[in-house]
Structures are given as C-alpha cells and as structure tokens.
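Asker: What follows is input05.txt, made up of compact mmCIF, C-alpha atoms and all ligand atoms:
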```
# COMPACT_ATOMS: atom_id res chain seq x y z
CA MET A 1 -118.75 244.16 92.26
CA THR A 2 -118.31 247.90 92.67
CA GLU A 3 -117.12 248.76 96.11
CA LYS A 4 -116.16 252.17 97.35
CA LYS A 5 -114.22 252.36 100.60
CA GLN A 6 -114.77 255.53 102.55
CA THR A 7 -112.24 254.50 105.15
CA PRO A 8 -108.99 253.10 103.81
CA SER A 9 -108.21 249.71 105.23
CA PRO A 10 -105.88 246.89 104.33
CA GLU A 11 -107.37 244.39 101.92
CA PHE A 12 -109.47 241.96 103.92
CA SER A 13 -108.91 238.35 103.14
CA PRO A 14 -110.57 236.58 106.01
CA LEU A 15 -109.27 233.12 106.42
CA GLY A 16 -108.44 232.85 102.76
CA PHE A 17 -106.71 229.55 103.30
CA ASP A 18 -107.59 226.03 104.10
CA GLU A 19 -106.46 225.01 107.55
CA ASP A 20 -107.88 223.07 110.43
CA ILE A 21 -107.42 225.94 112.79
CA ALA A 22 -108.64 229.17 111.28
CA PRO A 23 -108.12 232.48 113.08
CA LEU A 24 -110.74 235.19 113.22
CA PRO A 25 -110.26 238.12 110.87
CA GLU A 26 -107.65 240.64 111.85
CA TYR A 27 -108.93 243.71 113.59
CA LYS A 28 -109.47 246.57 111.20
CA ALA A 29 -110.55 250.10 111.91
CA ALA A 30 -114.27 250.84 111.85
CA GLY A 31 -115.54 252.49 108.70
CA THR A 32 -118.30 252.62 106.13
CA THR A 33 -118.26 250.74 102.85
CA GLU A 34 -120.56 251.28 99.89
CA VAL A 35 -121.56 248.40 97.63
CA ASP A 36 -123.76 248.39 94.54
CA PHE A 37 -123.13 244.85 93.26
CA SER A 38 -121.98 245.81 89.77
CA GLY A 39 -124.85 248.26 89.39
CA LEU A 40 -127.58 245.81 90.44
CA LEU A 41 -128.45 248.28 93.18
CA GLY A 42 -129.14 251.69 91.63
CA GLU A 43 -128.12 253.46 94.79
CA PRO A 44 -125.32 251.74 96.75
CA LEU A 45 -125.91 250.10 100.09
CA LYS A 46 -123.95 251.68 102.93
CA LEU A 47 -122.52 249.26 105.45
CA HIS A 48 -120.83 250.30 108.60
CA GLU A 49 -118.23 247.75 109.67
CA ASP A 50 -116.94 247.54 113.20
CA LEU A 51 -115.26 244.42 114.52
CA ARG A 52 -115.52 245.55 118.14
CA SER A 53 -118.94 243.90 118.35
CA GLY A 54 -117.71 240.58 116.98
CA CYS A 55 -116.55 238.99 113.75
CA GLY A 56 -119.93 239.71 112.14
CA GLY A 57 -119.02 243.38 112.24
CA GLN A 58 -117.09 242.90 109.02
CA LEU A 59 -118.30 242.09 105.52
CA TRP A 60 -117.59 238.45 104.77
CA PRO A 61 -117.11 237.01 101.27
CA ALA A 62 -120.11 234.67 101.30
CA GLY A 63 -122.34 237.58 102.29
CA MET A 64 -121.31 239.44 99.16
CA VAL A 65 -121.92 236.40 96.96
CA LEU A 66 -125.32 235.63 98.46
CA ALA A 67 -126.50 239.26 98.39
CA LYS A 68 -125.62 239.54 94.71
CA HIS A 69 -127.23 236.19 93.91
CA MET A 70 -130.51 237.18 95.58
CA LEU A 71 -130.62 240.48 93.72
CA ARG A 72 -129.70 239.08 90.35
CA TYR A 73 -131.90 235.99 90.32
CA HIS A 74 -134.76 236.47 92.79
CA ARG A 75 -135.53 240.17 93.10
CA GLU A 76 -139.09 239.99 91.77
CA LYS A 77 -140.21 236.91 93.70
CA LEU A 78 -138.67 238.16 96.92
CA GLN A 79 -141.14 241.06 96.99
CA SER A 80 -143.84 238.81 98.45
CA ALA A 81 -141.60 236.53 100.52
CA ARG A 82 -141.32 236.40 104.30
CA ILE A 83 -137.57 236.78 104.67
CA LEU A 84 -135.33 236.17 107.66
CA GLU A 85 -131.54 236.33 107.74
CA LEU A 86 -129.51 234.28 110.24
CA GLY A 87 -126.08 235.38 111.48
CA ALA A 88 -126.57 238.65 109.65
CA GLY A 89 -123.59 240.47 111.17
CA GLY A 90 -123.92 244.02 109.87
CA GLY A 91 -126.81 242.81 107.70
CA VAL A 92 -125.27 242.79 104.24
CA VAL A 93 -127.57 240.19 102.68
CA GLY A 94 -130.87 241.25 104.20
CA LEU A 95 -130.25 244.94 103.73
CA THR A 96 -129.26 244.40 100.10
CA VAL A 97 -132.50 242.53 99.48
CA ALA A 98 -134.52 245.22 101.27
CA LYS A 99 -132.83 247.95 99.26
CA GLY A 100 -133.22 246.10 95.97
CA CYS A 101 -136.86 245.11 96.53
CA LYS A 102 -138.70 248.37 96.91
CA ASN A 103 -142.13 246.82 97.36
CA LEU A 104 -141.58 244.15 100.01
CA LYS A 105 -144.99 243.01 101.25
CA HIS A 106 -143.67 241.91 104.63
CA PRO A 107 -141.03 243.25 106.99
CA LEU A 108 -137.64 241.60 106.53
CA TYR A 109 -135.85 240.31 109.65
CA ILE A 110 -132.10 240.45 110.09
CA THR A 111 -130.99 238.44 113.12
CA ASP A 112 -127.84 237.74 115.09
CA MET A 113 -126.57 237.59 118.67
CA VAL A 114 -127.11 240.49 121.06
CA GLU A 115 -123.62 241.88 120.44
CA MET A 116 -124.50 242.60 116.81
CA GLU A 117 -127.83 244.30 117.51
CA PRO A 118 -126.47 247.89 117.63
CA LEU A 119 -124.62 247.45 114.32
CA MET A 120 -127.65 245.88 112.62
CA LYS A 121 -129.79 248.79 113.81
CA TYR A 122 -127.20 251.34 112.79
CA ASN A 123 -127.01 249.93 109.26
CA ILE A 124 -130.79 249.83 108.97
CA SER A 125 -131.01 253.53 109.74
CA LEU A 126 -127.92 254.40 107.67
CA ASN A 127 -129.86 253.16 104.64
CA GLY A 128 -133.27 254.56 105.63
CA LEU A 129 -134.75 251.05 105.82
CA ALA A 130 -136.43 251.25 109.23
CA ASP A 131 -139.87 250.93 107.65
CA ARG A 132 -138.98 247.60 106.00
CA VAL A 133 -136.29 245.89 108.10
CA ARG A 134 -136.32 244.68 111.73
CA ALA A 135 -133.20 243.71 113.69
CA ARG A 136 -133.77 240.91 116.19
CA ILE A 137 -131.74 238.63 118.42
CA LEU A 138 -131.86 235.01 117.30
CA ASN A 139 -129.37 232.71 119.01
CA TRP A 140 -128.92 229.50 117.07
CA GLY A 141 -130.01 226.40 118.95
CA GLU A 142 -132.49 228.29 121.14
CA PRO A 143 -136.24 227.96 120.66
CA LEU A 144 -137.60 230.39 118.04
CA SER A 145 -139.26 233.48 119.47
CA GLN A 146 -143.02 233.84 119.22
CA GLU A 147 -142.47 236.70 116.76
CA VAL A 148 -140.53 234.42 114.39
CA VAL A 149 -143.03 231.59 114.87
CA ASP A 150 -145.88 233.96 113.94
CA PHE A 151 -143.92 235.35 110.98
CA LYS A 152 -143.22 231.87 109.53
CA PRO A 153 -140.34 232.86 107.27
CA ASP A 154 -140.34 231.15 103.88
CA VAL A 155 -136.99 232.50 102.67
CA ILE A 156 -134.05 232.10 105.04
CA LEU A 157 -130.73 233.67 104.23
CA ALA A 158 -127.49 232.49 105.79
CA ALA A 159 -124.07 233.66 104.65
CA ASP A 160 -120.75 232.71 106.15
CA CYS A 161 -122.40 231.04 109.13
CA VAL A 162 -120.10 228.01 108.86
CA TYR A 163 -116.90 229.10 110.55
CA LEU A 164 -117.05 227.91 114.13
CA GLU A 165 -117.29 224.16 114.61
CA ALA A 166 -118.80 224.45 118.09
CA ALA A 167 -121.76 226.31 116.60
CA PHE A 168 -122.51 223.75 113.85
CA PRO A 169 -125.10 221.75 115.86
CA LEU A 170 -126.76 224.97 117.04
CA LEU A 171 -127.07 226.32 113.51
CA MET A 172 -128.33 222.94 112.29
CA GLN A 173 -130.99 222.92 115.02
CA THR A 174 -132.23 226.39 114.05
CA LEU A 175 -132.37 225.44 110.37
CA LYS A 176 -134.37 222.33 111.27
CA ASP A 177 -136.72 224.39 113.47
CA LEU A 178 -137.31 226.90 110.67
CA LEU A 179 -137.99 224.21 108.06
CA GLU A 180 -140.29 222.47 110.52
CA LEU A 181 -142.15 225.73 111.09
CA GLU A 182 -142.60 226.39 107.36
CA PRO A 183 -142.16 223.18 105.38
CA LYS A 184 -142.13 225.07 102.08
CA ALA A 185 -139.34 227.41 103.15
CA THR A 186 -136.05 227.64 101.29
CA VAL A 187 -132.74 228.34 102.95
CA TYR A 188 -130.25 230.17 100.73
CA PHE A 189 -126.93 229.12 102.16
CA CYS A 190 -123.53 230.41 101.11
CA PHE A 191 -120.30 229.57 102.86
CA LYS A 192 -116.58 229.60 102.39
CA LYS A 193 -114.75 226.37 103.06
CA ARG A 194 -111.80 227.14 105.24
CA ARG A 195 -111.30 223.88 107.11
CA ARG A 196 -112.06 220.25 106.47
CA ALA A 197 -114.69 220.37 109.23
CA ASP A 198 -116.77 222.81 107.18
CA MET A 199 -117.63 220.01 104.76
CA GLN A 200 -118.87 217.98 107.73
CA PHE A 201 -121.55 220.62 108.21
CA LEU A 202 -122.61 220.11 104.60
CA LYS A 203 -122.59 216.34 105.03
CA ASN A 204 -124.95 216.68 107.99
CA ALA A 205 -127.12 219.12 106.04
CA ARG A 206 -127.44 216.56 103.23
CA LYS A 207 -128.72 214.02 105.75
CA ALA A 208 -131.33 216.44 107.10
CA PHE A 209 -132.42 218.39 104.01
CA THR A 210 -132.54 218.37 100.23
CA VAL A 211 -129.35 220.24 99.37
CA THR A 212 -129.15 221.74 95.89
CA GLU A 213 -126.20 223.54 94.35
CA ILE A 214 -127.79 226.51 92.60
CA GLU A 215 -126.97 228.23 89.32
CA ASP A 216 -125.02 231.46 89.39
CA GLU A 217 -123.03 232.95 86.54
CA ASP A 218 -120.33 233.99 89.01
CA ARG A 219 -119.78 230.42 90.19
CA PRO A 220 -116.52 229.92 88.24
CA VAL A 221 -115.13 232.96 90.02
CA PHE A 222 -116.35 232.35 93.56
CA SER A 223 -115.75 228.61 93.53
CA ARG A 224 -112.06 229.30 92.90
CA ASP A 225 -112.23 231.02 96.26
CA ASN A 226 -113.78 227.94 97.93
CA LEU A 227 -117.20 229.56 98.17
CA PHE A 228 -120.26 227.32 97.90
CA LEU A 229 -123.85 228.32 97.24
CA TYR A 230 -126.77 226.00 97.99
CA THR A 231 -130.43 225.86 98.84
CA PHE A 232 -131.69 223.65 101.66
CA THR A 233 -135.30 222.54 101.60
CA ARG A 234 -137.24 219.93 103.53
CA LYS A 235 -136.81 216.48 102.07
CA ASP A 236 -140.57 216.11 101.80
CA SER A 237 -141.34 219.66 100.59
CA GLY A 238 -141.74 218.56 96.97
CA SER A 239 -140.01 221.69 95.69
CA SER A 240 -136.39 222.67 95.29
CA SER A 241 -137.07 226.33 96.11
CA SER A 242 -139.94 228.46 97.36
CA LEU A 243 -138.90 231.10 94.81
CA SER A 244 -138.86 228.80 91.77
CA SER A 245 -141.81 229.06 89.42
C1 LIG B 1 -118.78 235.26 109.76
S1 LIG B 1 -120.06 236.27 110.32
C2 LIG B 1 -121.03 236.51 108.84
C3 LIG B 1 -121.76 237.82 108.86
C4 LIG B 1 -122.59 238.11 107.59
N1 LIG B 1 -123.58 237.08 107.38
C5 LIG B 1 -121.72 238.25 106.37
O1 LIG B 1 -121.74 237.36 105.51
O2 LIG B 1 -120.99 239.26 106.25
C6 LIG B 1 -121.04 235.07 111.21
C7 LIG B 1 -122.16 235.67 112.02
O3 LIG B 1 -122.83 234.61 112.71
C8 LIG B 1 -123.15 235.07 114.00
N2 LIG B 1 -123.27 233.95 114.93
C9 LIG B 1 -122.29 233.10 115.33
N3 LIG B 1 -122.74 232.22 116.22
C10 LIG B 1 -124.05 232.50 116.39
C11 LIG B 1 -125.07 231.94 117.20
N4 LIG B 1 -124.82 230.92 118.04
N5 LIG B 1 -126.32 232.48 117.13
C12 LIG B 1 -126.58 233.51 116.31
N6 LIG B 1 -125.63 234.10 115.52
C13 LIG B 1 -124.39 233.61 115.56
C14 LIG B 1 -121.99 235.98 114.38
O4 LIG B 1 -122.34 236.89 115.41
C15 LIG B 1 -121.68 236.66 113.06
O5 LIG B 1 -122.37 237.87 112.91
```
In structure tokens, how does this file's structure come out?

Answerer:
Amino acid sequence: MTEKKQTPSPEFSPLGFDEDIAPLPEYKAAGTTEVDFSGLLGEPLKLHEDLRSGCGGQLWPAGMVLAKHMLRYHREKLQSARILELGAGGGVVGLTVAKGCKNLKHPLYITDMVEMEPLMKYNISLNGLADRVRARILNWGEPLSQEVVDFKPDVILAADCVYLEAAFPLLMQTLKDLLELEPKATVYFCFKKRRRADMQFLKNARKAFTVTEIEDEDRPVFSRDNLFLYTFTRKDSGSSSSLSS
C-alpha cells in the first residue's frame, strides 16, 4: 500500500493490542494523507485526517483493507451498485470506491454522525467527487431516513465499526434495517479484533445473517494483525453476495 504523508506524524497503531479495555487512538495533528493502494488507484486519494471531530477523523486499519479489497475485486460490478458506507469517518472506503469507479451509475453515500459531516464533506471536495458522493448523517439504531429508504442500497460498506461495545446493538439494528430494506444487499464488513467482546458482535451477526469470510490475497498479512473481512447477507437471500456473478 503506497502511502505518502504530507504531514509528518508518529506511526499510528490504533489499539494494536488485544485488551478488554481499549483506549481511543492518541491525538495526532491534523494533516492530509495520500493513498493509492499499491497503484490500484491511478491518481492517489487525498484524505484529510483530523481527530478533533472524533475518532473517525483518522484512517483506521480496517478501512484501508476494505477499500483495497473493493477496488481489487469488485471495481467493475460496483459501477452499477447503490452503495452506502456506514461509520465512514473521513470516508476512506467510499471515497476510494468513488475514485476507482469512474462511471458510477448512482450517487454513493458516505454516512456517519453529525460530528464527522464537515470532514466527510471536506474530503469529498478535496478529491473533486462532489458530483458522485453525498455525505449524510446516519446514526446507527435510528430509523433510516426517507432518502436512504428511497435509495435502497444494495452494497453496504462498514470498516472498523466494531470498537465500542455500547454501540454494538445500534449497529446491528441498522444492519438489520438495511438488509430488510433490500433483501439482496451485501454488507462488506471489515474489523479489527481488539477485545474479546468484538467477537461477540460477530457471534450475534452469525445469528442474524449469513456471514461469509471472503477471499483476499492479502489475508495472510492482515489476519496477522487481527483484521477480519466478511460479507453479511440475509439468511434467506439465496446469494452470498450481490456482486458475485
Ligand atoms: C473507528 S472509526 C472508522 C472510520 C472509517 N470507517 C475507517 O475505517 O477509517 C468508526 C466510525 O464509526 C462512527 N460511529 C460510531 N458510533 C456511531 C453511531 N452510533 N452512528 C453512526 N456512526 C457511528 C464514528 O463516528 C467513526 O467515524
């Protein structure tokens, strides 16, 4: 993964250990990072990071893994998908997809809590993606907005959204609502296990959805780092992924 730091900062290793109580990442100065995912993006994505708006203001490891996976394995089929990212933070996954898929048929939604809205919008304009990407507030556990209901996303992206135990039921509710709304939707879900409780989220997901560990040539590398990559689909959807042929 080629990454060029424009602002020097100490190496970020958020919660790179396995404890029951995991702290939030250390504060680091705001700055802009460029990523091209080992050349998969011709022109690098620029991401402004600023932790003042919340922990999503920083690039997280699962976001990098999921963004690269979507580019490497699904770029063509994503062009016609209706894509929505949950807990987008600065928007790494959604913006990577939007940058890598030049002919998206539908707008792509990156969503998070209100605190992250300015950073999502800033990163959209930093990359000239305002014609393709919309930043919206989507609080997990709350009813889906009419705009999302009308959009009926069929590809849902969620990276590093498992980190706060209190939010697990809220995130689970939103995933259920989205898969209820579009039974053929696929959730691409990447997370880093930091605490034992994180596996409880997965256990609950297995009860609610068909959970499939998906192929990725980088798996031997990222699994050493306790990163997991799955799809979630409805148990009765009859398909393991809306992007599979
Ligand atoms: C660890 S960050 C991951 C950011 C980004 N996906 C990445 O991989 O770099 C988790 C994100 O989830 C968002 N989040 C946490 N609780 C949420 C909730 N209840 N509703 C919506 N978003 C939430 C946070 O604001 C944050 O941006």

Asker: If the limit is 7 Å from any atom of ligand LIG 1 (chain B), counting all atoms listed in the file, which residues qualify? Return them as a PyMOL selection string.

Answerer: chain A and resi 54-64+86-93+112-113+116+138-141+158-161+163+167+170-171

Asker: Would you save the residues of that selection, restricted to C-alpha atoms, as a PDB file, in the frame of the given file?

Answerer:
```
ATOM      1  CA  GLY A  54    -117.710 240.580 116.980  1.00  0.00           C
ATOM      2  CA  CYS A  55    -116.550 238.990 113.750  1.00  0.00           C
ATOM      3  CA  GLY A  56    -119.930 239.710 112.140  1.00  0.00           C
ATOM      4  CA  GLY A  57    -119.020 243.380 112.240  1.00  0.00           C
ATOM      5  CA  GLN A  58    -117.090 242.900 109.020  1.00  0.00           C
ATOM      6  CA  LEU A  59    -118.300 242.090 105.520  1.00  0.00           C
ATOM      7  CA  TRP A  60    -117.590 238.450 104.770  1.00  0.00           C
ATOM      8  CA  PRO A  61    -117.110 237.010 101.270  1.00  0.00           C
ATOM      9  CA  ALA A  62    -120.110 234.670 101.300  1.00  0.00           C
ATOM     10  CA  GLY A  63    -122.340 237.580 102.290  1.00  0.00           C
ATOM     11  CA  MET A  64    -121.310 239.440  99.160  1.00  0.00           C
ATOM     12  CA  LEU A  86    -129.510 234.280 110.240  1.00  0.00           C
ATOM     13  CA  GLY A  87    -126.080 235.380 111.480  1.00  0.00           C
ATOM     14  CA  ALA A  88    -126.570 238.650 109.650  1.00  0.00           C
ATOM     15  CA  GLY A  89    -123.590 240.470 111.170  1.00  0.00           C
ATOM     16  CA  GLY A  90    -123.920 244.020 109.870  1.00  0.00           C
ATOM     17  CA  GLY A  91    -126.810 242.810 107.700  1.00  0.00           C
ATOM     18  CA  VAL A  92    -125.270 242.790 104.240  1.00  0.00           C
ATOM     19  CA  VAL A  93    -127.570 240.190 102.680  1.00  0.00           C
ATOM     20  CA  ASP A 112    -127.840 237.740 115.090  1.00  0.00           C
ATOM     21  CA  MET A 113    -126.570 237.590 118.670  1.00  0.00           C
ATOM     22  CA  MET A 116    -124.500 242.600 116.810  1.00  0.00           C
ATOM     23  CA  LEU A 138    -131.860 235.010 117.300  1.00  0.00           C
ATOM     24  CA  ASN A 139    -129.370 232.710 119.010  1.00  0.00           C
ATOM     25  CA  TRP A 140    -128.920 229.500 117.070  1.00  0.00           C
ATOM     26  CA  GLY A 141    -130.010 226.400 118.950  1.00  0.00           C
ATOM     27  CA  ALA A 158    -127.490 232.490 105.790  1.00  0.00           C
ATOM     28  CA  ALA A 159    -124.070 233.660 104.650  1.00  0.00           C
ATOM     29  CA  ASP A 160    -120.750 232.710 106.150  1.00  0.00           C
ATOM     30  CA  CYS A 161    -122.400 231.040 109.130  1.00  0.00           C
ATOM     31  CA  TYR A 163    -116.900 229.100 110.550  1.00  0.00           C
ATOM     32  CA  ALA A 167    -121.760 226.310 116.600  1.00  0.00           C
ATOM     33  CA  LEU A 170    -126.760 224.970 117.040  1.00  0.00           C
ATOM     34  CA  LEU A 171    -127.070 226.320 113.510  1.00  0.00           C
TER      35      LEU A 171
END
```

Asker: What lies within 9 Å of segment 74-85 of chain A using only C-alpha atoms, ignoring chain neighbours under 5 positions off, as a count of residues only?

Answerer: 32

Asker: Expressed in Å to a single decimal, how great is the separation between atom CA of Lys184 of chain A and atom CA of Ser237 of chain A?

Answerer: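 Calculated distance between atom CA of Lys184 of chain A and atom CA of Ser237 of chain A is 5.7 Å.
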
Asker: Ranking A:Met70, A:Val133, A:Val114, A:Gln173 by minimum distance to Thr231 of chain A and counting all atoms listed in the file, which one comes first?

Answerer: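 Selected residue with least distance to Thr231 of chain A: A:Met70.
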
Asker: Between atom CA of Glu49 of chain A and atom CA of Ala67 of chain A, measure the distance and give it in Å to one decimal.

Answerer: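 It comes out at 16.4 Å.
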
Asker: Can you tell me, as a list in words, what residues are no more than 12 Å from Asp236 of chain A when counting only C-alpha atoms, ignoring any on the same chain fewer than 5 positions away?

Answerer: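 Everything that qualifies: Leu179, Glu180, Glu182, Pro183, Lys184, Ala185, Ala208, Phe209 and Thr210 of chain A.
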
Asker: Given the choices A:Leu164, A:Met172, A:Leu71, A:Met120, which gets closest to Thr96 of chain A if the distance is worked out from all atoms listed in the file?

Answerer: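 Ranking A:Leu164, A:Met172, A:Leu71, A:Met120 by distance to Thr96 of chain A, first place goes to A:Leu71.
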
Asker: Counting all atoms listed in the file, find the residues whose atoms lie at most 10 Å from (-118.6, 224.4, 102.2) (file coordinates) and write them out as a PDB file with C-alpha atoms, in the frame of the given file.

Answerer:
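Written file, point24.pdb:
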```pdb
ATOM      1  CA  ASP A 160    -120.750 232.710 106.150  1.00  0.00           C
ATOM      2  CA  VAL A 162    -120.100 228.010 108.860  1.00  0.00           C
ATOM      3  CA  TYR A 163    -116.900 229.100 110.550  1.00  0.00           C
ATOM      4  CA  PHE A 189    -126.930 229.120 102.160  1.00  0.00           C
ATOM      5  CA  CYS A 190    -123.530 230.410 101.110  1.00  0.00           C
ATOM      6  CA  PHE A 191    -120.300 229.570 102.860  1.00  0.00           C
ATOM      7  CA  LYS A 192    -116.580 229.600 102.390  1.00  0.00           C
ATOM      8  CA  LYS A 193    -114.750 226.370 103.060  1.00  0.00           C
ATOM      9  CA  ARG A 194    -111.800 227.140 105.240  1.00  0.00           C
ATOM     10  CA  ARG A 195    -111.300 223.880 107.110  1.00  0.00           C
ATOM     11  CA  ARG A 196    -112.060 220.250 106.470  1.00  0.00           C
ATOM     12  CA  ALA A 197    -114.690 220.370 109.230  1.00  0.00           C
ATOM     13  CA  ASP A 198    -116.770 222.810 107.180  1.00  0.00           C
ATOM     14  CA  MET A 199    -117.630 220.010 104.760  1.00  0.00           C
ATOM     15  CA  GLN A 200    -118.870 217.980 107.730  1.00  0.00           C
ATOM     16  CA  PHE A 201    -121.550 220.620 108.210  1.00  0.00           C
ATOM     17  CA  LEU A 202    -122.610 220.110 104.600  1.00  0.00           C
ATOM     18  CA  LYS A 203    -122.590 216.340 105.030  1.00  0.00           C
ATOM     19  CA  ASN A 226    -113.780 227.940  97.930  1.00  0.00           C
ATOM     20  CA  LEU A 227    -117.200 229.560  98.170  1.00  0.00           C
ATOM     21  CA  PHE A 228    -120.260 227.320  97.900  1.00  0.00           C
ATOM     22  CA  LEU A 229    -123.850 228.320  97.240  1.00  0.00           C
ATOM     23  CA  TYR A 230    -126.770 226.000  97.990  1.00  0.00           C
TER      24      TYR A 230
END
```

Asker: Give the answer as one residue: which of A:Tyr73, A:Gly31, A:Lys68, A:Asn127 has the shortest atom-to-atom distance to Pro44 of chain A, using all atoms listed in the file?

Answerer: A:Asn127

Asker: Counting only C-alpha atoms, what is within 9 Å of Ser53 of chain A, bar same-chain residues fewer than 6 positions away, as an MDAnalysis selection string?

Answerer: chainID A and resid 115:119

Asker: Keeping only C-alpha atoms, write the selected residues as a short mmCIF file (atom, residue, chain, number, x, y, z; two decimals), in the coordinates of the input.

Answerer:
```cif
data_model
loop_
_atom_site.label_atom_id
_atom_site.label_comp_id
_atom_site.auth_asym_id
_atom_site.auth_seq_id
_atom_site.Cartn_x
_atom_site.Cartn_y
_atom_site.Cartn_z
CA GLU A 115 -123.62 241.88 120.44
CA MET A 116 -124.50 242.60 116.81
CA GLU A 117 -127.83 244.30 117.51
CA PRO A 118 -126.47 247.89 117.63
CA LEU A 119 -124.62 247.45 114.32
#
```

Asker: Please indicate the distance in Å from atom CA of Ile124 of chain A to atom CA of Glu147 of chain A, rounded to one decimal place.

Answerer: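 Atom CA of Ile124 of chain A sits 19.2 Å away from atom CA of Glu147 of chain A.
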
Asker: For a quick check of understanding, using all atoms listed in the file, which of A:Arg52, A:Tyr188, A:Ala205, A:Arg234 has the smallest distance to Phe168 of chain A?

Answerer: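 Residue with the minimum atom-to-atom distance to Phe168 of chain A: A:Ala205.
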